[in-house]
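Raw contents of coords.txt, compact mmCIF, C-alpha atoms:
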```
# COMPACT_ATOMS: atom_id res chain seq x y z
CA MET A 1 35.44 143.13 10.03
CA THR A 2 32.14 143.95 11.66
CA ASP A 3 31.77 145.44 15.13
CA VAL A 4 30.52 142.10 16.41
CA ASP A 5 33.56 140.26 15.07
CA ALA A 6 35.89 142.87 16.51
CA GLN A 7 34.25 142.61 19.90
CA ALA A 8 34.48 138.82 19.80
CA ALA A 9 38.15 139.02 18.87
CA GLU A 10 38.88 141.43 21.72
CA THR A 11 37.05 139.09 24.11
CA ASN A 12 39.13 136.13 22.94
CA ILE A 13 42.34 138.11 23.29
CA GLY A 14 41.30 139.17 26.79
CA ASP A 15 40.55 135.58 27.75
CA LEU A 16 43.92 134.42 26.44
CA ARG A 17 45.72 137.16 28.36
CA GLN A 18 43.85 136.25 31.53
CA GLN A 19 44.69 132.54 31.13
CA SER A 20 48.33 133.41 30.47
CA THR A 21 48.42 135.63 33.56
CA LEU A 22 46.88 132.93 35.73
CA LYS A 23 49.36 130.33 34.46
CA TYR A 24 52.27 132.72 35.13
CA GLN A 25 51.00 133.50 38.61
CA SER A 26 50.60 129.79 39.30
CA ARG A 27 54.13 129.04 38.17
CA SER A 28 55.49 132.00 40.08
CA GLY A 29 53.61 130.96 43.21
CA LEU A 30 54.97 127.43 42.96
CA ARG A 31 58.52 128.70 42.47
CA TYR A 32 58.14 131.06 45.40
CA PHE A 33 56.82 128.29 47.61
CA LEU A 34 59.61 125.86 46.67
CA ARG A 35 62.30 128.53 47.07
CA ARG A 36 61.05 129.74 50.42
CA PHE A 37 60.16 126.29 51.76
CA ALA A 38 63.48 124.76 50.74
CA GLY A 39 65.42 127.77 52.02
CA GLU A 40 64.07 127.70 55.57
CA THR A 41 66.00 124.62 56.70
CA PRO A 42 67.99 121.78 55.10
CA LEU A 43 65.48 119.33 56.60
CA ASN A 44 62.83 120.68 54.23
CA VAL A 45 65.09 119.89 51.27
CA LEU A 46 65.65 116.41 52.67
CA ALA A 47 61.91 115.90 53.12
CA LEU A 48 61.14 117.03 49.56
CA GLY A 49 63.86 114.74 48.23
CA ILE A 50 62.60 111.69 50.12
CA ILE A 51 58.96 112.28 49.20
CA THR A 52 59.83 112.91 45.54
CA VAL A 53 61.75 109.64 45.35
CA PHE A 54 58.98 107.59 46.92
CA ILE A 55 56.26 109.20 44.80
CA PHE A 56 58.34 108.43 41.72
CA LEU A 57 58.78 104.83 42.86
CA SER A 58 55.08 104.49 43.61
CA ILE A 59 54.37 105.39 39.97
CA PHE A 60 57.23 103.66 38.17
CA GLY A 61 58.48 101.16 40.76
CA ARG A 62 56.85 98.15 39.13
CA LEU A 63 58.42 99.06 35.79
CA LEU A 64 61.85 99.47 37.41
CA ALA A 65 61.66 96.14 39.26
CA PRO A 66 64.26 93.79 37.72
CA TYR A 67 62.33 90.61 38.63
CA ASP A 68 58.77 89.49 39.13
CA PRO A 69 57.89 90.26 42.77
CA ILE A 70 55.48 87.32 43.10
CA VAL A 71 56.92 84.35 41.18
CA PRO A 72 59.21 82.16 43.39
CA ASP A 73 62.75 81.15 42.43
CA ILE A 74 63.63 78.40 44.89
CA ALA A 75 67.13 77.99 43.49
CA ASN A 76 68.06 81.45 44.83
CA LYS A 77 66.25 81.40 48.17
CA LEU A 78 67.74 83.55 50.96
CA ALA A 79 70.58 84.72 48.71
CA PRO A 80 72.54 87.64 50.20
CA PRO A 81 72.86 90.98 48.41
CA SER A 82 74.86 90.56 45.21
CA ALA A 83 75.22 91.92 41.68
CA ALA A 84 72.29 89.77 40.56
CA HIS A 85 70.06 90.65 43.53
CA TRP A 86 71.08 94.01 44.98
CA LEU A 87 69.03 93.60 48.17
CA GLY A 88 69.08 89.80 48.34
CA THR A 89 66.17 87.37 48.11
CA ASP A 90 63.55 85.95 50.48
CA GLU A 91 62.77 82.38 51.51
CA LEU A 92 61.14 81.68 48.14
CA GLY A 93 63.91 83.25 46.09
CA ARG A 94 61.95 86.38 45.22
CA ASP A 95 64.02 89.52 44.69
CA ILE A 96 63.74 91.87 47.69
CA LEU A 97 64.44 94.99 45.60
CA SER A 98 61.61 94.14 43.21
CA ARG A 99 59.21 93.52 46.09
CA VAL A 100 60.18 96.74 47.89
CA LEU A 101 59.74 98.78 44.69
CA THR A 102 56.36 97.20 43.98
CA GLY A 103 55.29 97.59 47.61
CA THR A 104 55.82 101.35 47.40
CA ARG A 105 52.74 101.71 45.21
CA ILE A 106 50.70 99.57 47.59
CA SER A 107 51.72 101.44 50.74
CA LEU A 108 51.44 104.99 49.38
CA GLY A 109 48.34 104.15 47.35
CA ILE A 110 46.51 102.79 50.38
CA ALA A 111 47.57 105.75 52.54
CA THR A 112 46.34 108.19 49.88
CA MET A 113 43.02 106.39 49.59
CA ILE A 114 42.51 106.29 53.35
CA LEU A 115 43.22 109.97 53.84
CA SER A 116 41.20 111.05 50.80
CA ILE A 117 38.08 109.41 52.18
CA ALA A 118 38.78 110.43 55.78
CA ILE A 119 39.46 114.07 54.90
CA THR A 120 36.35 114.30 52.72
CA ALA A 121 34.12 112.87 55.44
CA GLY A 122 35.81 114.81 58.24
CA VAL A 123 35.70 118.14 56.42
CA LEU A 124 32.03 117.68 55.53
CA ILE A 125 30.97 116.71 59.06
CA GLY A 126 33.17 119.27 60.81
CA ALA A 127 32.13 122.11 58.51
CA VAL A 128 28.41 121.41 58.93
CA ALA A 129 28.76 121.04 62.69
CA GLY A 130 30.74 124.24 63.12
CA TYR A 131 28.68 126.37 60.74
CA VAL A 132 25.16 125.22 61.62
CA GLY A 133 25.73 124.77 65.36
CA GLY A 134 22.91 123.93 67.76
CA TRP A 135 21.63 120.38 68.01
CA VAL A 136 23.29 119.46 64.70
CA ASP A 137 26.68 120.31 66.19
CA GLU A 138 25.89 118.38 69.36
CA VAL A 139 24.81 115.21 67.53
CA LEU A 140 27.73 115.19 65.09
CA MET A 141 30.32 115.92 67.74
CA ARG A 142 29.00 113.28 70.12
CA ILE A 143 29.30 110.71 67.31
CA THR A 144 32.82 111.96 66.71
CA ASP A 145 33.64 111.63 70.41
CA ILE A 146 32.58 107.98 70.34
CA PHE A 147 35.31 107.22 67.81
CA LEU A 148 37.86 109.39 69.61
CA ALA A 149 37.20 107.63 72.91
CA PHE A 150 39.23 104.59 71.80
CA PRO A 151 42.96 104.43 71.03
CA ALA A 152 43.27 104.78 67.26
CA LEU A 153 45.31 101.67 66.52
CA ILE A 154 43.31 99.47 68.92
CA LEU A 155 40.07 100.61 67.30
CA ALA A 156 41.50 99.94 63.82
CA MET A 157 42.60 96.46 64.91
CA GLY A 158 39.15 95.68 66.27
CA ILE A 159 37.36 96.88 63.13
CA ALA A 160 39.77 95.08 60.80
CA ALA A 161 39.55 91.85 62.79
CA SER A 162 35.76 91.92 62.79
CA LEU A 163 35.58 92.57 59.04
CA GLY A 164 38.13 89.93 58.09
CA ARG A 165 41.76 89.71 57.04
CA ASP A 166 41.96 91.74 53.86
CA LEU A 167 43.59 94.93 52.67
CA LYS A 168 40.21 96.46 51.78
CA ASN A 169 39.07 96.01 55.36
CA VAL A 170 42.21 97.77 56.57
CA ILE A 171 41.26 100.75 54.40
CA ILE A 172 37.78 100.79 55.95
CA ALA A 173 39.17 100.45 59.48
CA LEU A 174 41.75 103.21 59.16
CA THR A 175 39.30 105.53 57.42
CA LEU A 176 36.92 105.17 60.36
CA VAL A 177 39.79 105.94 62.70
CA TYR A 178 41.08 109.04 60.90
CA TRP A 179 37.95 111.00 59.93
CA PRO A 180 37.06 112.16 63.50
CA TRP A 181 40.36 114.01 63.83
CA TYR A 182 39.63 116.03 60.70
CA ALA A 183 36.06 116.66 61.82
CA ARG A 184 37.32 118.14 65.09
CA LEU A 185 40.02 120.16 63.33
CA ILE A 186 37.66 121.67 60.76
CA ARG A 187 34.92 122.37 63.29
CA GLY A 188 37.31 124.45 65.36
CA GLN A 189 38.51 126.35 62.30
CA VAL A 190 34.96 127.03 61.11
CA LEU A 191 33.85 128.26 64.55
CA MET A 192 36.70 130.75 64.52
CA ILE A 193 36.40 131.93 60.91
CA ARG A 194 32.61 132.33 60.83
CA GLU A 195 32.87 135.24 63.29
CA ARG A 196 35.20 137.30 61.11
CA ASP A 197 34.15 140.47 59.36
CA PHE A 198 34.30 139.19 55.79
CA VAL A 199 31.89 136.37 56.67
CA GLU A 200 29.51 138.85 58.31
CA ALA A 201 29.75 141.02 55.21
CA ALA A 202 28.88 138.06 52.98
CA HIS A 203 25.79 137.40 55.08
CA ALA A 204 24.86 141.09 55.00
CA ILE A 205 24.69 141.19 51.19
CA GLY A 206 22.35 138.19 51.17
CA MET A 207 24.74 135.44 50.10
CA ARG A 208 23.41 131.92 50.61
CA PRO A 209 24.82 130.10 53.67
CA SER A 210 26.09 127.21 51.56
CA ARG A 211 27.95 129.64 49.32
CA VAL A 212 29.44 131.45 52.30
CA LEU A 213 30.66 128.14 53.69
CA LEU A 214 32.11 126.85 50.43
CA ARG A 215 33.44 130.13 49.05
CA HIS A 216 34.66 132.05 52.09
CA ILE A 217 35.09 129.74 55.07
CA LEU A 218 36.43 126.39 53.84
CA PRO A 219 39.22 127.87 51.66
CA ASN A 220 40.61 129.51 54.81
CA THR A 221 40.82 126.13 56.57
CA MET A 222 43.07 124.49 53.96
CA ALA A 223 46.42 125.23 55.62
CA PRO A 224 45.86 123.11 58.78
CA ILE A 225 44.27 120.37 56.66
CA ILE A 226 47.32 120.21 54.39
CA VAL A 227 49.72 120.08 57.33
CA GLN A 228 47.73 117.41 59.17
CA ALA A 229 47.22 115.31 56.03
CA THR A 230 50.94 115.41 55.20
CA VAL A 231 51.87 114.07 58.62
CA ASP A 232 49.07 111.51 58.54
CA VAL A 233 50.33 109.99 55.28
CA GLY A 234 53.31 108.64 57.16
CA TYR A 235 51.15 107.45 60.02
CA ALA A 236 48.73 105.76 57.60
CA VAL A 237 51.60 103.94 55.89
CA LEU A 238 52.91 102.84 59.30
CA ALA A 239 49.45 101.77 60.54
CA THR A 240 48.80 99.79 57.36
CA ALA A 241 52.13 98.03 57.70
CA GLY A 242 51.42 97.35 61.39
CA LEU A 243 48.04 95.75 60.66
CA SER A 244 49.57 93.68 57.88
CA PHE A 245 52.41 92.68 60.20
CA ILE A 246 49.97 91.09 62.67
CA GLY A 247 48.07 89.38 59.85
CA LEU A 248 45.03 91.66 59.56
CA GLY A 249 46.00 93.45 56.34
CA ALA A 250 47.69 92.34 53.15
CA GLN A 251 48.21 88.61 52.87
CA PRO A 252 51.12 86.73 51.23
CA PRO A 253 52.34 86.82 48.51
CA SER A 254 51.55 90.56 48.45
CA PRO A 255 54.76 92.66 48.50
CA GLU A 256 53.31 95.08 51.06
CA TRP A 257 56.06 96.20 53.43
CA GLY A 258 54.37 95.06 56.65
CA THR A 259 53.70 91.62 55.20
CA MET A 260 57.32 91.35 54.07
CA ILE A 261 58.63 92.26 57.52
CA ALA A 262 56.26 89.74 59.14
CA GLY A 263 57.51 86.97 56.85
CA ALA A 264 61.13 87.88 57.59
CA ARG A 265 60.88 87.34 61.35
CA ALA A 266 61.70 83.65 61.15
CA TYR A 267 64.82 84.28 59.04
CA PHE A 268 66.31 87.33 60.71
CA ARG A 269 69.33 85.47 62.14
CA VAL A 270 70.28 83.91 58.79
CA ALA A 271 69.06 86.58 56.35
CA TRP A 272 69.37 90.03 57.90
CA TRP A 273 68.63 91.73 54.56
CA TYR A 274 65.14 90.23 54.34
CA MET A 275 63.74 92.37 57.15
CA THR A 276 66.18 95.27 56.96
CA PHE A 277 65.42 96.76 53.55
CA PRO A 278 61.62 96.79 53.78
CA GLY A 279 62.06 98.30 57.24
CA ILE A 280 64.35 101.02 55.86
CA ALA A 281 61.82 101.86 53.14
CA LEU A 282 59.04 102.12 55.73
CA THR A 283 61.18 104.24 58.06
CA LEU A 284 62.28 106.66 55.35
CA THR A 285 58.70 107.14 54.16
CA VAL A 286 57.46 107.99 57.65
CA ILE A 287 60.41 110.29 58.34
CA GLY A 288 59.99 112.06 55.01
CA PHE A 289 56.31 112.85 55.50
CA ASN A 290 56.84 113.87 59.13
CA LEU A 291 59.60 116.29 58.14
CA LEU A 292 57.44 117.62 55.33
CA GLY A 293 54.52 118.14 57.71
CA ASP A 294 56.74 120.00 60.18
CA GLY A 295 58.10 122.18 57.41
CA LEU A 296 54.63 123.01 56.07
CA ARG A 297 53.44 123.85 59.57
CA ASP A 298 56.24 126.38 59.94
CA TYR A 299 55.64 127.71 56.42
CA PHE A 300 51.94 128.34 57.02
CA ASP A 301 52.50 129.84 60.47
CA PRO A 302 51.95 133.62 60.16
CA ARG A 303 54.55 134.29 62.83
CA THR A 304 57.25 132.67 60.69
CA ARG A 305 55.97 134.17 57.43
CA LEU A 306 56.59 137.67 58.80
CA ARG A 307 60.28 137.07 59.33
```

Can you give me the file's structure in the form of structure tokens?
Amino acid sequence: MTDVDAQAAETNIGDLRQQSTLKYQSRSGLRYFLRRFAGETPLNVLALGIITVFIFLSIFGRLLAPYDPIVPDIANKLAPPSAAHWLGTDELGRDILSRVLTGTRISLGIATMILSIAITAGVLIGAVAGYVGGWVDEVLMRITDIFLAFPALILAMGIAASLGRDLKNVIIALTLVYWPWYARLIRGQVLMIRERDFVEAAHAIGMRPSRVLLRHILPNTMAPIIVQATVDVGYAVLATAGLSFIGLGAQPPSPEWGTMIAGARAYFRVAWWYMTFPGIALTLTVIGFNLLGDGLRDYFDPRTRLR
């Protein structure tokens, strides 16, 4: 074996060792997080359990649904819970369990899409405003204040109503409502972090401003973003269901939870199960993400990490 081949082999071995070390550290970090997070309070375990179940149902719920959630079955309309229909049926004979399972993907999928766009836009605007400062900060923050001047749900209703009754318009409306909160959050974090010594040191060695922002400042703002986003998932699910409930979001026969609850209003006295089970699914989702957000906030708090 030549010296070149030996050197190449040593390089490959070194790369493999480094990859193995990184994978081990990643697994160890995940185990440490789960052990510490779950051990702080039983509510954290409950939150993880609820979120895990609903994420699983959002992926496989349609496959687990025993009936078609859209096709009517008039012969079984408003049937109470039974062995054939565990959660009963609606006014068209559609299985409530199948519609709730299918609606999980719609509700969580829409919430994820809304927050992904809102966080991306908010982080970009807030980071630029906080890091550049001056007139750029003033212009961006005054635009942000315009959106924050209105109650969030009222603004979302107005935007959705003006765009038309459709689930895509609900996504646009709620995205426009949520991004200013992340812009404000990130701007405050950037203003605080940019004055620290390690950022000054990065500037002193001639590092480009964009690299300083992306490499040293933004990674240190991730904890509050994660906490806020986790809580906002539940709020986004609730807001989407609320807009669908008043007829601005998903339209029948969509199995979205808000649409199901809206359709059940007329039958509540004769078919209690029709409204109850979609409402329970919505409530558990919001509670789960709120508990998870509270737990993550405590986990990332340095005062609790020192205990």

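Candidate residues A:Gly158, A:Pro66, A:Gly122, A:Gly242 were compared for distance to Ala262 in chain A, and the nearest is A:Gly242, using only C-alpha atoms.
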
Neighbours of point (43.2, 97.0, 61.4) within 12 Å, using only C-alpha atoms, written as a ChimeraX atom specification: /A:152-177,236,238-250

Pick the closest to His85 in chain A from A:Thr41, A:Leu214, A:His203, A:Trp273: which is it, counting all atoms listed in the file?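 Under the stated criterion, the closest residue is A:Trp273.
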
From the options A:Leu218, A:Phe60, A:Ile114, A:Ala183, which residue's atoms come nearest to Arg142 in chain A, counting only C-alpha atoms?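 Among A:Leu218, A:Phe60, A:Ile114, A:Ala183, it is A:Ala183 that comes nearest to Arg142 in chain A.
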
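The interatomic distance for the pair CA of Ser98 in chain A and CA of Ala271 in chain A works out to 16.9 Å.
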
As a check of understanding: the span from CA of Phe54 in chain A to CA of Pro224 in chain A is 23.5 Å

Residue neighbourhood Ser58 in chain A, 9 Å, all atoms listed in the file, exclusion window fewer than 4 positions, as a PyMOL selection string: chain A and resi 53-54+62+101-109

Pick out the closest residue to Ile280 in chain A from this set: A:Leu185, A:Ile143, A:Ile261, A:Ile119. Count all atoms listed in the file. A:Ile261

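For the atom pair formed by CA of Phe289 in chain A and CA of Ile226 in chain A, the distance is 11.7 Å, given to one decimal.
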
Show me as a short mmCIF file (atom, residue, chain, number, x, y, z; two decimals) with C-alpha atoms, keeping the file's coordinate frame the residues that reach within 12 Å of (61.7, 88.2, 61.8), counting only C-alpha atoms and using the file's own coordinates.
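Output (part.cif):
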```
data_model
loop_
_atom_site.label_atom_id
_atom_site.label_comp_id
_atom_site.auth_asym_id
_atom_site.auth_seq_id
_atom_site.Cartn_x
_atom_site.Cartn_y
_atom_site.Cartn_z
CA ASP A 90 63.55 85.95 50.48
CA GLU A 91 62.77 82.38 51.51
CA PHE A 245 52.41 92.68 60.20
CA GLY A 258 54.37 95.06 56.65
CA THR A 259 53.70 91.62 55.20
CA MET A 260 57.32 91.35 54.07
CA ILE A 261 58.63 92.26 57.52
CA ALA A 262 56.26 89.74 59.14
CA GLY A 263 57.51 86.97 56.85
CA ALA A 264 61.13 87.88 57.59
CA ARG A 265 60.88 87.34 61.35
CA ALA A 266 61.70 83.65 61.15
CA TYR A 267 64.82 84.28 59.04
CA PHE A 268 66.31 87.33 60.71
CA ARG A 269 69.33 85.47 62.14
CA VAL A 270 70.28 83.91 58.79
CA ALA A 271 69.06 86.58 56.35
CA TRP A 272 69.37 90.03 57.90
CA TRP A 273 68.63 91.73 54.56
CA TYR A 274 65.14 90.23 54.34
CA MET A 275 63.74 92.37 57.15
CA THR A 276 66.18 95.27 56.96
CA PRO A 278 61.62 96.79 53.78
CA GLY A 279 62.06 98.30 57.24
#
```
